[in-house]
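Asker: Below is the file final26.txt, with compact mmCIF, C-alpha atoms and all ligand atoms.
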# COMPACT_ATOMS: atom_id res chain seq x y z
CA MET A 37 35.68 -13.13 70.44
CA ARG A 38 38.59 -12.37 72.74
CA THR A 39 42.05 -13.90 73.02
CA GLN A 40 45.37 -13.01 74.56
CA VAL A 41 47.46 -13.38 71.40
CA ALA A 42 46.01 -13.38 67.87
CA ILE A 43 48.46 -14.85 65.35
CA VAL A 44 48.00 -14.10 61.65
CA GLY A 45 49.33 -16.93 59.43
CA ALA A 46 49.69 -20.68 60.07
CA GLY A 47 53.02 -21.24 58.31
CA PRO A 48 55.96 -22.50 60.34
CA ALA A 49 56.36 -19.19 62.20
CA GLY A 50 52.68 -18.88 63.20
CA LEU A 51 52.26 -22.48 64.32
CA MET A 52 55.60 -22.65 66.16
CA LEU A 53 54.66 -19.51 68.05
CA ALA A 54 51.18 -20.85 68.82
CA HIS A 55 52.73 -24.01 70.27
CA LEU A 56 55.32 -22.12 72.33
CA LEU A 57 52.67 -19.83 73.83
CA SER A 58 49.98 -22.40 74.45
CA ALA A 59 52.54 -24.70 76.13
CA GLU A 60 52.85 -21.90 78.72
CA GLY A 61 49.08 -21.70 79.16
CA LEU A 62 48.49 -18.60 77.02
CA ASP A 63 45.28 -18.28 75.08
CA VAL A 64 45.98 -18.00 71.33
CA VAL A 65 44.06 -18.08 68.08
CA VAL A 66 45.74 -18.57 64.70
CA LEU A 67 44.09 -17.17 61.56
CA GLU A 68 45.19 -18.53 58.18
CA CYS A 69 43.79 -17.44 54.82
CA GLN A 70 44.54 -20.72 53.01
CA ALA A 71 43.16 -24.25 53.45
CA PRO A 72 45.28 -26.78 55.40
CA HIS A 73 46.19 -28.90 52.36
CA HIS A 74 47.50 -25.82 50.54
CA VAL A 75 49.73 -24.77 53.44
CA GLN A 76 50.92 -28.35 53.90
CA SER A 77 51.87 -28.92 50.29
CA ARG A 78 54.14 -25.91 49.77
CA ILE A 79 57.65 -27.08 48.88
CA ARG A 80 60.36 -25.05 50.58
CA ALA A 81 63.94 -25.51 51.78
CA GLY A 82 64.89 -28.15 54.28
CA VAL A 83 68.03 -27.51 56.32
CA LEU A 84 67.47 -27.08 60.06
CA GLU A 85 69.96 -25.37 62.35
CA PRO A 86 70.47 -26.85 65.84
CA VAL A 87 68.50 -23.89 67.24
CA THR A 88 65.44 -24.89 65.17
CA VAL A 89 65.77 -28.55 66.14
CA ASP A 90 65.97 -27.45 69.81
CA ILE A 91 62.73 -25.47 69.51
CA MET A 92 60.97 -28.51 68.04
CA ALA A 93 62.44 -30.58 70.92
CA ARG A 94 61.21 -28.07 73.54
CA LEU A 95 57.74 -28.53 72.04
CA GLY A 96 58.06 -32.32 72.16
CA LEU A 97 57.73 -32.38 68.37
CA ASP A 98 61.13 -33.71 67.37
CA ALA A 99 60.41 -37.47 67.27
CA ARG A 100 59.87 -37.69 63.52
CA LEU A 101 62.64 -35.27 62.60
CA ARG A 102 65.09 -37.25 64.75
CA ALA A 103 63.95 -40.52 63.13
CA GLU A 104 63.68 -39.36 59.53
CA GLY A 105 65.87 -36.23 59.31
CA LEU A 106 69.33 -36.65 57.80
CA VAL A 107 72.07 -35.42 60.11
CA GLU A 108 74.70 -33.68 57.98
CA ASP A 109 78.26 -33.30 59.22
CA GLY A 110 79.25 -30.97 56.44
CA PHE A 111 78.60 -29.72 52.93
CA CYS A 112 80.60 -28.87 49.82
CA LEU A 113 81.30 -25.83 47.72
CA ALA A 114 82.25 -26.55 44.11
CA ASP A 115 84.13 -24.35 41.68
CA GLY A 116 83.30 -26.27 38.53
CA GLU A 117 86.06 -28.84 38.92
CA ARG A 118 86.73 -29.67 42.54
CA LEU A 119 84.66 -30.11 45.68
CA ILE A 120 85.70 -28.02 48.68
CA ARG A 121 84.36 -29.72 51.80
CA ILE A 122 83.28 -27.64 54.79
CA ASP A 123 83.62 -29.98 57.76
CA VAL A 124 80.86 -28.36 59.82
CA ALA A 125 80.91 -30.95 62.62
CA GLY A 126 84.72 -30.98 62.88
CA LEU A 127 84.92 -27.18 62.91
CA THR A 128 81.98 -26.35 65.17
CA GLY A 129 81.06 -29.57 66.98
CA GLN A 130 77.52 -29.19 65.63
CA THR A 131 75.47 -30.52 62.74
CA VAL A 132 72.51 -29.45 60.60
CA THR A 133 69.51 -31.68 59.92
CA VAL A 134 67.99 -32.07 56.47
CA TYR A 135 64.23 -32.30 57.02
CA GLY A 136 61.84 -30.67 54.55
CA GLN A 137 59.91 -27.61 55.68
CA SER A 138 56.74 -29.38 54.55
CA GLU A 139 57.50 -32.09 57.13
CA ILE A 140 57.93 -29.48 59.89
CA GLN A 141 54.63 -27.99 58.77
CA ARG A 142 52.96 -31.40 58.91
CA ASP A 143 54.29 -32.04 62.46
CA LEU A 144 53.16 -28.61 63.68
CA MET A 145 49.69 -28.99 62.16
CA ALA A 146 49.10 -32.50 63.52
CA ALA A 147 50.18 -31.45 67.01
CA ALA A 148 48.03 -28.29 66.87
CA ASP A 149 45.00 -30.52 66.29
CA ALA A 150 46.05 -32.97 68.99
CA ARG A 151 46.70 -30.21 71.53
CA GLY A 152 43.50 -28.31 70.82
CA ILE A 153 45.21 -25.15 69.53
CA ASP A 154 42.59 -22.91 67.94
CA VAL A 155 43.61 -22.61 64.27
CA ARG A 156 41.04 -21.11 61.88
CA TRP A 157 41.60 -21.86 58.19
CA GLN A 158 40.39 -19.96 55.12
CA VAL A 159 39.96 -16.74 57.05
CA LYS A 160 39.47 -13.88 54.60
CA ASP A 161 39.85 -10.10 54.62
CA ILE A 162 41.84 -9.71 57.84
CA VAL A 163 42.17 -6.05 58.84
CA LEU A 164 44.20 -4.98 61.88
CA HIS A 165 43.01 -2.09 64.07
CA ASP A 166 44.51 0.06 66.84
CA VAL A 167 47.73 -1.95 66.99
CA ASP A 168 49.51 0.93 68.73
CA SER A 169 46.94 1.00 71.53
CA ASP A 170 46.55 -1.29 74.58
CA ARG A 171 43.58 -2.95 72.91
CA PRO A 172 44.44 -4.07 69.39
CA TRP A 173 41.73 -5.88 67.46
CA LEU A 174 41.13 -7.35 64.07
CA THR A 175 38.23 -8.02 61.79
CA CYS A 176 37.90 -10.80 59.24
CA ARG A 177 35.47 -13.06 57.41
CA LEU A 178 35.10 -16.70 58.33
CA ASP A 179 32.57 -19.12 56.79
CA GLY A 180 30.68 -16.19 55.28
CA HIS A 181 30.37 -14.32 58.60
CA ASP A 182 32.08 -11.19 59.89
CA LEU A 183 34.20 -11.85 62.95
CA GLN A 184 35.88 -9.44 65.37
CA ILE A 185 38.75 -10.60 67.57
CA ASP A 186 39.96 -8.48 70.47
CA ALA A 187 43.45 -9.30 71.69
CA ASP A 188 46.23 -8.13 74.00
CA PHE A 189 48.76 -8.63 71.21
CA ILE A 190 48.68 -9.42 67.49
CA VAL A 191 51.61 -11.24 65.90
CA GLY A 192 52.00 -11.07 62.13
CA CYS A 193 53.37 -14.42 60.89
CA ASP A 194 51.72 -14.01 57.51
CA GLY A 195 54.72 -14.13 55.23
CA PHE A 196 56.09 -11.62 52.75
CA HIS A 197 52.73 -10.97 51.03
CA GLY A 198 50.69 -10.76 54.24
CA VAL A 199 48.71 -7.87 55.71
CA ALA A 200 50.39 -7.42 59.10
CA ARG A 201 53.48 -5.54 57.93
CA ARG A 202 51.24 -3.16 55.98
CA ALA A 203 49.42 -2.24 59.20
CA ILE A 204 52.58 -0.42 60.29
CA PRO A 205 52.55 3.16 58.98
CA ALA A 206 55.14 3.76 56.26
CA ALA A 207 56.69 6.57 58.29
CA ILE A 208 57.55 4.14 61.10
CA GLY A 209 59.20 1.36 59.11
CA THR A 210 62.19 1.36 56.80
CA VAL A 211 62.47 -1.11 53.93
CA HIS A 212 65.95 -2.43 53.16
CA GLU A 213 65.84 -4.46 49.99
CA ARG A 214 67.89 -6.03 47.24
CA VAL A 215 66.14 -7.87 44.42
CA TYR A 216 68.44 -10.23 42.53
CA PRO A 217 68.29 -10.48 38.71
CA PHE A 218 67.81 -14.26 38.86
CA GLY A 219 65.67 -16.92 40.48
CA TRP A 220 66.19 -20.56 41.45
CA LEU A 221 64.70 -23.19 39.18
CA GLY A 222 64.16 -26.21 41.45
CA ILE A 223 63.38 -29.82 40.67
CA LEU A 224 62.25 -32.49 43.13
CA ALA A 225 62.64 -36.08 41.93
CA ASP A 226 62.46 -39.56 43.41
CA VAL A 227 66.04 -40.51 42.63
CA PRO A 228 68.96 -41.17 45.00
CA PRO A 229 71.03 -38.04 45.74
CA CYS A 230 74.26 -37.60 43.77
CA HIS A 231 76.20 -37.03 46.98
CA HIS A 232 75.47 -37.64 50.66
CA GLU A 233 76.07 -33.96 51.48
CA LEU A 234 74.79 -30.75 49.87
CA ILE A 235 76.89 -29.25 47.05
CA TYR A 236 76.71 -25.51 46.29
CA ALA A 237 78.41 -24.94 42.93
CA SER A 238 79.73 -21.78 41.29
CA HIS A 239 80.33 -22.47 37.61
CA PRO A 240 80.97 -20.10 34.67
CA ARG A 241 77.51 -21.16 33.41
CA GLY A 242 75.94 -20.17 36.75
CA PHE A 243 74.96 -21.49 40.16
CA ALA A 244 73.76 -25.00 41.01
CA LEU A 245 72.78 -26.75 44.22
CA ALA A 246 72.49 -30.47 44.84
CA SER A 247 70.32 -31.13 47.89
CA LEU A 248 68.33 -34.06 49.17
CA ARG A 249 65.26 -35.03 51.15
CA SER A 250 66.04 -38.71 51.79
CA GLN A 251 68.10 -41.58 50.39
CA ILE A 252 65.62 -41.81 47.52
CA ARG A 253 64.49 -38.22 47.00
CA SER A 254 66.67 -35.42 45.61
CA ARG A 255 66.26 -31.69 45.27
CA TYR A 256 68.34 -29.73 42.76
CA TYR A 257 68.43 -26.07 41.74
CA ILE A 258 70.07 -23.86 39.11
CA ASP A 259 69.86 -20.10 38.84
CA VAL A 260 67.99 -18.68 35.84
CA PRO A 261 67.50 -15.06 34.73
CA THR A 262 64.40 -13.30 36.05
CA GLY A 263 61.56 -13.77 33.57
CA THR A 264 62.62 -17.31 32.56
CA ARG A 265 59.65 -19.51 31.62
CA ILE A 266 59.44 -22.93 33.21
CA GLU A 267 58.28 -24.39 29.86
CA ASP A 268 61.72 -23.59 28.46
CA TRP A 269 63.26 -26.04 30.93
CA PRO A 270 62.07 -29.56 30.14
CA ASP A 271 63.54 -32.12 32.55
CA ASP A 272 66.31 -33.29 30.18
CA ARG A 273 67.62 -29.79 29.62
CA LEU A 274 67.68 -29.21 33.39
CA TRP A 275 69.53 -32.47 34.09
CA ASP A 276 72.11 -31.62 31.39
CA GLU A 277 72.65 -28.20 32.96
CA LEU A 278 73.04 -29.70 36.44
CA ASP A 279 75.64 -32.14 35.06
CA ALA A 280 77.62 -29.24 33.63
CA ARG A 281 77.41 -26.85 36.59
CA LEU A 282 77.88 -29.28 39.47
CA GLY A 283 81.17 -30.55 38.03
CA PRO A 284 82.43 -34.00 37.11
CA HIS A 285 82.46 -35.50 40.60
CA ALA A 286 78.79 -34.75 41.31
CA ALA A 287 77.69 -35.38 37.73
CA ALA A 288 79.04 -38.92 37.93
CA GLY A 289 76.61 -39.58 40.80
CA ILE A 290 73.47 -37.95 39.35
CA SER A 291 70.52 -40.25 38.70
CA ARG A 292 67.91 -38.69 36.45
CA GLY A 293 64.17 -39.04 36.96
CA PRO A 294 60.90 -37.25 36.21
CA ALA A 295 60.14 -34.07 38.16
CA ILE A 296 57.61 -34.44 40.98
CA GLU A 297 57.74 -30.70 41.32
CA LYS A 298 59.45 -28.00 39.30
CA SER A 299 59.18 -24.27 39.94
CA ILE A 300 61.08 -20.98 39.83
CA ALA A 301 61.45 -18.89 42.98
CA PRO A 302 62.69 -15.29 42.82
CA LEU A 303 65.62 -14.24 45.02
CA ARG A 304 65.40 -11.29 47.35
CA SER A 305 67.08 -9.87 50.43
CA PHE A 306 64.59 -7.80 52.46
CA VAL A 307 64.40 -6.44 55.98
CA PHE A 308 61.55 -4.35 57.33
CA GLU A 309 62.89 -2.36 60.19
CA THR A 310 60.99 -2.24 62.62
CA MET A 311 59.55 -5.61 63.60
CA ARG A 312 57.10 -4.15 66.16
CA HIS A 313 54.61 -1.33 66.30
CA GLY A 314 52.90 -1.03 69.68
CA ARG A 315 51.21 -4.35 70.30
CA LEU A 316 51.83 -5.74 66.82
CA LEU A 317 54.93 -7.94 66.45
CA LEU A 318 56.20 -9.36 63.15
CA CYS A 319 57.94 -12.74 62.84
CA GLY A 320 59.49 -14.64 59.92
CA ASP A 321 58.95 -13.79 56.27
CA ALA A 322 56.46 -11.06 57.26
CA ALA A 323 59.47 -9.04 58.40
CA HIS A 324 62.39 -10.28 56.32
CA ILE A 325 63.40 -12.42 53.36
CA VAL A 326 66.76 -14.00 52.63
CA PRO A 327 67.86 -15.56 49.35
CA PRO A 328 67.81 -19.36 49.83
CA THR A 329 71.61 -19.66 49.55
CA GLY A 330 72.48 -20.85 53.06
CA ALA A 331 68.93 -22.01 53.91
CA LYS A 332 68.29 -19.39 56.59
CA GLY A 333 64.59 -18.53 55.94
CA LEU A 334 62.90 -21.11 58.14
CA ASN A 335 65.62 -20.90 60.78
CA LEU A 336 65.20 -17.14 61.11
CA ALA A 337 61.45 -17.59 61.47
CA ALA A 338 62.18 -20.03 64.29
CA SER A 339 64.53 -17.65 66.12
CA ASP A 340 62.06 -14.76 65.75
CA VAL A 341 59.27 -16.78 67.34
CA TYR A 342 61.61 -17.92 70.09
CA TYR A 343 62.31 -14.25 70.97
CA ALA A 344 58.66 -13.24 70.55
CA ALA A 345 57.45 -16.10 72.76
CA ASP A 346 60.02 -15.20 75.39
CA ALA A 347 58.83 -11.59 75.37
CA LEU A 348 55.11 -12.46 75.51
CA ILE A 349 55.52 -15.15 78.19
CA GLY A 350 57.55 -12.67 80.29
CA TRP A 351 54.82 -10.05 79.89
CA TYR A 352 52.10 -12.39 81.17
CA ALA A 353 54.22 -14.05 83.88
CA ARG A 354 55.86 -10.95 85.35
CA GLY A 355 54.21 -7.95 83.73
CA ASP A 356 57.60 -7.42 82.13
CA GLY A 357 57.34 -4.82 79.35
CA ASP A 358 61.11 -4.79 78.85
CA GLY A 359 60.90 -8.13 77.08
CA ILE A 360 58.47 -6.71 74.53
CA ALA A 361 60.64 -3.62 74.09
CA GLY A 362 63.68 -5.87 73.64
CA TYR A 363 62.09 -8.04 70.95
CA VAL A 364 63.16 -5.94 67.97
CA PRO A 365 66.85 -5.48 68.86
CA ARG A 366 67.21 -9.17 69.79
CA ALA A 367 65.53 -10.44 66.64
CA LEU A 368 67.13 -7.94 64.27
CA ALA A 369 70.66 -8.63 65.52
CA ARG A 370 70.32 -12.25 64.41
CA VAL A 371 68.38 -11.37 61.25
CA TRP A 372 71.04 -8.96 59.95
CA LYS A 373 73.85 -11.48 60.43
CA ALA A 374 71.88 -14.12 58.55
CA GLU A 375 71.10 -11.55 55.84
CA ARG A 376 74.82 -10.87 55.56
CA PHE A 377 75.71 -14.55 55.29
CA SER A 378 72.99 -15.33 52.71
CA TRP A 379 73.92 -12.30 50.64
CA SER A 380 77.66 -13.06 50.70
CA LEU A 381 77.12 -16.70 49.76
CA THR A 382 74.80 -15.57 46.95
CA ARG A 383 77.44 -13.11 45.71
CA LEU A 384 80.15 -15.76 45.85
CA LEU A 385 78.26 -18.43 43.96
CA HIS A 386 76.02 -16.73 41.37
CA ARG A 387 76.76 -15.18 38.02
CA PHE A 388 75.43 -11.61 37.96
CA PRO A 389 74.61 -10.12 34.53
CA GLU A 390 76.95 -7.15 35.10
CA ASP A 391 79.88 -9.35 36.18
CA THR A 392 83.15 -8.86 34.34
CA SER A 393 86.08 -11.27 34.10
CA PHE A 394 87.43 -9.49 37.18
CA ASP A 395 84.31 -10.35 39.19
CA ARG A 396 84.57 -13.99 38.15
CA ALA A 397 88.27 -13.99 39.08
CA MET A 398 87.31 -12.67 42.53
CA GLN A 399 84.84 -15.54 42.97
CA ILE A 400 87.45 -18.10 41.97
CA ALA A 401 90.09 -16.51 44.21
CA GLU A 402 87.70 -16.53 47.16
CA LEU A 403 86.79 -20.18 46.60
CA ASP A 404 90.49 -21.01 46.36
CA TYR A 405 91.14 -19.11 49.60
CA ILE A 406 88.32 -21.00 51.34
CA ALA A 407 89.73 -24.30 50.05
CA GLY A 408 93.07 -23.59 51.75
CA SER A 409 92.06 -21.74 54.90
CA ARG A 410 90.70 -23.35 58.05
CA ALA A 411 89.78 -19.86 59.31
CA ALA A 412 87.64 -19.19 56.22
CA GLN A 413 86.00 -22.61 56.53
CA LEU A 414 85.21 -21.99 60.21
CA THR A 415 83.58 -18.66 59.35
CA ILE A 416 81.32 -20.37 56.84
CA ALA A 417 80.61 -23.34 59.12
CA GLU A 418 79.60 -21.25 62.16
CA ASN A 419 77.20 -19.22 60.04
CA TYR A 420 75.81 -22.32 58.36
CA ILE A 421 74.90 -24.01 61.66
CA GLY A 422 73.41 -20.69 62.78
CA LEU A 423 74.53 -18.13 65.30
CA PRO A 424 73.52 -18.69 68.94
CA LEU A 425 70.22 -17.29 70.19
N1 LIG A 501 45.66 -13.63 56.28
C1 LIG A 501 45.94 -14.83 56.86
N2 LIG A 501 47.00 -15.58 56.55
C2 LIG A 501 47.84 -15.11 55.64
C3 LIG A 501 47.64 -13.87 54.98
C4 LIG A 501 46.49 -13.12 55.34
N3 LIG A 501 46.23 -11.94 54.76
N4 LIG A 501 48.63 -13.67 54.11
C5 LIG A 501 49.43 -14.75 54.18
N5 LIG A 501 48.96 -15.63 55.10
C6 LIG A 501 49.52 -16.93 55.46
C7 LIG A 501 50.06 -17.71 54.27
O1 LIG A 501 49.04 -18.39 53.58
C8 LIG A 501 51.04 -18.66 54.95
O2 LIG A 501 50.44 -19.88 55.32
O3 LIG A 501 50.64 -16.76 56.30
C9 LIG A 501 51.49 -17.89 56.19
C10 LIG A 501 52.92 -17.43 56.09
O4 LIG A 501 53.77 -18.55 56.02
P1 LIG A 501 55.20 -18.52 55.30
O5 LIG A 501 55.12 -17.74 54.05
O6 LIG A 501 55.67 -19.93 55.23
O7 LIG A 501 56.13 -17.66 56.29
P2 LIG A 501 56.76 -18.03 57.70
O8 LIG A 501 55.81 -18.80 58.56
O9 LIG A 501 57.35 -16.76 58.19
O10 LIG A 501 57.90 -19.08 57.35
C11 LIG A 501 59.21 -18.77 57.15
O11 LIG A 501 60.99 -19.85 55.90
O12 LIG A 501 62.03 -21.13 54.28
C12 LIG A 501 61.46 -19.91 54.56
O13 LIG A 501 60.24 -18.51 53.10
C13 LIG A 501 60.28 -19.73 53.70
O14 LIG A 501 58.03 -20.04 54.33
C14 LIG A 501 59.21 -19.97 54.76
C15 LIG A 501 59.78 -19.18 55.84
C1 LIG A 502 66.69 -27.45 49.76
O1 LIG A 502 67.00 -28.62 50.02
O2 LIG A 502 65.60 -27.16 49.28
C2 LIG A 502 67.67 -26.38 50.06
C3 LIG A 502 68.86 -26.70 50.70
C4 LIG A 502 69.78 -25.73 50.96
C5 LIG A 502 69.54 -24.42 50.59
C6 LIG A 502 68.35 -24.08 49.96
C7 LIG A 502 67.42 -25.07 49.68
O3 LIG A 502 70.47 -23.46 50.83
I need this file expressed as structure tokens, please.
Answerer:
Amino acid sequence: MRTQVAIVGAGPAGLMLAHLLSAEGLDVVVLECQAPHHVQSRIRAGVLEPVTVDIMARLGLDARLRAEGLVEDGFCLADGERLIRIDVAGLTGQTVTVYGQSEIQRDLMAAADARGIDVRWQVKDIVLHDVDSDRPWLTCRLDGHDLQIDADFIVGCDGFHGVARRAIPAAIGTVHERVYPFGWLGILADVPPCHHELIYASHPRGFALASLRSQIRSRYYIDVPTGTRIEDWPDDRLWDELDARLGPHAAAGISRGPAIEKSIAPLRSFVFETMRHGRLLLCGDAAHIVPPTGAKGLNLAASDVYYAADALIGWYARGDGDGIAGYVPRALARVWKAERFSWSLTRLLHRFPEDTSFDRAMQIAELDYIAGSRAAQLTIAENYIGLPL
């Protein structure tokens, strides 16, 4: 089989890219190793930057997110006692939209079916070949048969554990990585949120986040040391800890309820530099990971695919190789700034095992500075809504 662009992975990056390319008449095939229900049911973050909303709008896929997404004018930092409000709309004139990544995934999948985009599910054993030649190709197994796909380009949208990044020789790429000594223990529950805006809390006991999915569904997190067992955190213990870390104002608003979902996600900052080798491009988690503090993961995947689509569309429309050559610097410039923001917010809000009383004093002083400085609040707000494309 032959296609113009073979996309590995049908997460948000892969499907957004498939939509952007096929809307311009390009021939694409998407190859996903999991079944649709598995991909659909993954619970991830849910804060969309304006740039991500705009991409969904360009695809004509923003109806549900405009109807059901919660437009947030701001969010709060908490230092254990007080709430420090970051007036995102007042400072930047823009807003973020709370809309779960699983809902984005659902919208992209439904529209892929409706628009006849060729998505193959449960594709096994994908191997990439000759990606640094003019004729890259891949082999895989589908429904018990071997399949070969010849393409002009292959785009790896297959997440952190995928195969595409590994097709780039080690000598060509550089790994930049920081693994944090804690993870986020998250709980999803059908209870009203404790506050109408997100609260990121830095408490002597550790980090906590109060987030939401709707007026009746809440999402909360605390940080826990790496290696923590989920069985050690029955719901009541987790609610008690959230009460303590989020501070009295938020705690007064918390409604408790049984967990619909509870899991621990490790925290990592990771950039694979380079994001292209010949005719193989990487987008999203395949190329980089941010810790969830700041909710940049999905938004970075969206900006990568915007740049990749621009480059590929330019190549087919005008034979413009400069766009392809420019993909990596364009994407990485935005990635590194989001890495910086996510890392600095993680450093500000979490308790690191090696922290001394001095380190804690620095966190408190920085929070106090932010509370009193419009300049500091603007810096946070403009990063939170996402830097321009
Ligand atoms: N072959 C085919 N598909 C694969 C393979 C493989 N070898 N390995 C992984 N995949 C699929 C995964 O099953 C998944 O559906 O690739 C997809 C990658 O999707 P994500 O991990 O969601 O990554 P991405 O699309 O880059 O989304 C960006 O934003 O909030 C963050 O980390 C969060 O997933 C999120 C990301
Ligand atoms: C979430 O709602 O899951 C969420 C929100 C904000 C973050 C991370 C996760 O920074």
Asker: Dump as CSV the rows for residues of chain A within 6 Å of ligand LIG 501 (chain A): closest atom pair and distance in Å with one decimal, only C-alpha atoms and all ligand atoms counted, ordered by chain and rising residue number.
Answerer:
residue,atom,partner,partner_atom,distance
A:Val44,CA,A:LIG501,C1,5.3
A:Gly45,CA,A:LIG501,O3,3.4
A:Ala46,CA,A:LIG501,O2,4.9
A:Gly47,CA,A:LIG501,O4,3.6
A:Pro48,CA,A:LIG501,O8,4.1
A:Ala49,CA,A:LIG501,O8,3.7
A:Gly50,CA,A:LIG501,O8,5.6
A:Leu67,CA,A:LIG501,C1,5.6
A:Glu68,CA,A:LIG501,N2,3.8
A:Cys69,CA,A:LIG501,C1,3.9
A:Gln70,CA,A:LIG501,O1,5.1
A:Val75,CA,A:LIG501,O2,5.3
A:Arg80,CA,A:LIG501,O12,5.6
A:Ala81,CA,A:LIG501,O12,5.4
A:Ile162,CA,A:LIG501,N1,5.7
A:Cys193,CA,A:LIG501,O9,5.3
A:Asp194,CA,A:LIG501,O3,3.2
A:Gly195,CA,A:LIG501,O5,3.8
A:His197,CA,A:LIG501,N4,5.8
A:Gly198,CA,A:LIG501,N4,3.6
A:Val199,CA,A:LIG501,N3,4.9
A:Gly320,CA,A:LIG501,O9,3.5
A:Asp321,CA,A:LIG501,O9,3.9
A:Ala322,CA,A:LIG501,O9,5.8
A:Gly333,CA,A:LIG501,C12,3.7
A:Leu334,CA,A:LIG501,O11,3.2
A:Ala337,CA,A:LIG501,C11,5.0
Asker: Fewer than 4 positions away in the same chain doesn't count, so skip those; otherwise give me all residues within 6 Å of range 238-249 of chain A, counting only C-alpha atoms, as a PyMOL selection string.
Answerer: chain A and resi 115-116+229+234+253-259+281+385-387
Asker: As an MDAnalysis selection string, please: the residues near range 169-186 of chain A (cut-off 10 Å, only C-alpha atoms, same-chain neighbours under 3 positions excluded).
Answerer: chainID A and resid 37:42 44 65 67 69 156:166 189:190 313:316
Asker: So the first atom is atom C4 of ligand LIG 502 (chain A) and the second is CA of Gly330 in chain A; what is the distance between them in Å, to one decimal place?
Answerer: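 Taking atom C4 of ligand LIG 502 (chain A) as the start and CA of Gly330 in chain A as the end point, the length is 6.0 Å.
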Asker: Residues at most 10 Å from Arg214 in chain A, counting only C-alpha atoms, excluding those fewer than 2 positions away in the same chain, as an MDAnalysis selection string?
Answerer: chainID A and resid 211:212 216:217 303:307 325:327 379
Asker: At a cut-off of 10 Å, using only C-alpha atoms, what residues contact Pro86 in chain A? Leave out same-chain residues fewer than 3 positions from it and give the result as a list in words.
Answerer: Val83, Val89, Asp90, Ile91, Met92, Gln130, Thr131, Val132, Thr133, Asn335, Ile421, Gly422, Leu423 and Pro424 of chain A
Asker: Some atoms are missing, so please complete range 185-197 of chain A with N, CA and C atoms and return it as a PDB file, in the frame of the given file.
Answerer:
ATOM      1  N   ILE A 185      37.945  -9.978  66.513  1.00  0.00           N
ATOM      2  CA  ILE A 185      38.750 -10.600  67.570  1.00  0.00           C
ATOM      3  C   ILE A 185      39.497  -9.500  68.314  1.00  0.00           C
ATOM      4  N   ASP A 186      39.236  -9.417  69.617  1.00  0.00           N
ATOM      5  CA  ASP A 186      39.960  -8.480  70.470  1.00  0.00           C
ATOM      6  C   ASP A 186      41.117  -9.229  71.115  1.00  0.00           C
ATOM      7  N   ALA A 187      42.274  -8.593  71.181  1.00  0.00           N
ATOM      8  CA  ALA A 187      43.450  -9.300  71.690  1.00  0.00           C
ATOM      9  C   ALA A 187      44.294  -8.363  72.548  1.00  0.00           C
ATOM     10  N   ASP A 188      45.222  -8.950  73.319  1.00  0.00           N
ATOM     11  CA  ASP A 188      46.230  -8.130  74.000  1.00  0.00           C
ATOM     12  C   ASP A 188      47.351  -7.790  73.021  1.00  0.00           C
ATOM     13  N   PHE A 189      47.689  -8.799  72.202  1.00  0.00           N
ATOM     14  CA  PHE A 189      48.760  -8.630  71.210  1.00  0.00           C
ATOM     15  C   PHE A 189      48.326  -9.283  69.897  1.00  0.00           C
ATOM     16  N   ILE A 190      48.831  -8.760  68.789  1.00  0.00           N
ATOM     17  CA  ILE A 190      48.680  -9.420  67.490  1.00  0.00           C
ATOM     18  C   ILE A 190      50.087  -9.705  66.969  1.00  0.00           C
ATOM     19  N   VAL A 191      50.296 -10.930  66.490  1.00  0.00           N
ATOM     20  CA  VAL A 191      51.610 -11.240  65.900  1.00  0.00           C
ATOM     21  C   VAL A 191      51.407 -11.584  64.428  1.00  0.00           C
ATOM     22  N   GLY A 192      52.073 -10.853  63.573  1.00  0.00           N
ATOM     23  CA  GLY A 192      52.000 -11.070  62.130  1.00  0.00           C
ATOM     24  C   GLY A 192      53.019 -12.122  61.718  1.00  0.00           C
ATOM     25  N   CYS A 193      52.515 -13.325  61.396  1.00  0.00           N
ATOM     26  CA  CYS A 193      53.370 -14.420  60.890  1.00  0.00           C
ATOM     27  C   CYS A 193      52.862 -14.775  59.504  1.00  0.00           C
ATOM     28  N   ASP A 194      52.461 -13.762  58.741  1.00  0.00           N
ATOM     29  CA  ASP A 194      51.720 -14.010  57.510  1.00  0.00           C
ATOM     30  C   ASP A 194      52.573 -13.848  56.257  1.00  0.00           C
ATOM     31  N   GLY A 195      53.866 -14.043  56.411  1.00  0.00           N
ATOM     32  CA  GLY A 195      54.720 -14.130  55.230  1.00  0.00           C
ATOM     33  C   GLY A 195      54.925 -12.792  54.529  1.00  0.00           C
ATOM     34  N   PHE A 196      55.699 -12.842  53.451  1.00  0.00           N
ATOM     35  CA  PHE A 196      56.090 -11.620  52.750  1.00  0.00           C
ATOM     36  C   PHE A 196      54.891 -10.856  52.170  1.00  0.00           C
ATOM     37  N   HIS A 197      53.865 -11.623  51.694  1.00  0.00           N
ATOM     38  CA  HIS A 197      52.730 -10.970  51.030  1.00  0.00           C
ATOM     39  C   HIS A 197      51.561 -10.710  51.979  1.00  0.00           C
TER      40      HIS A 197
END
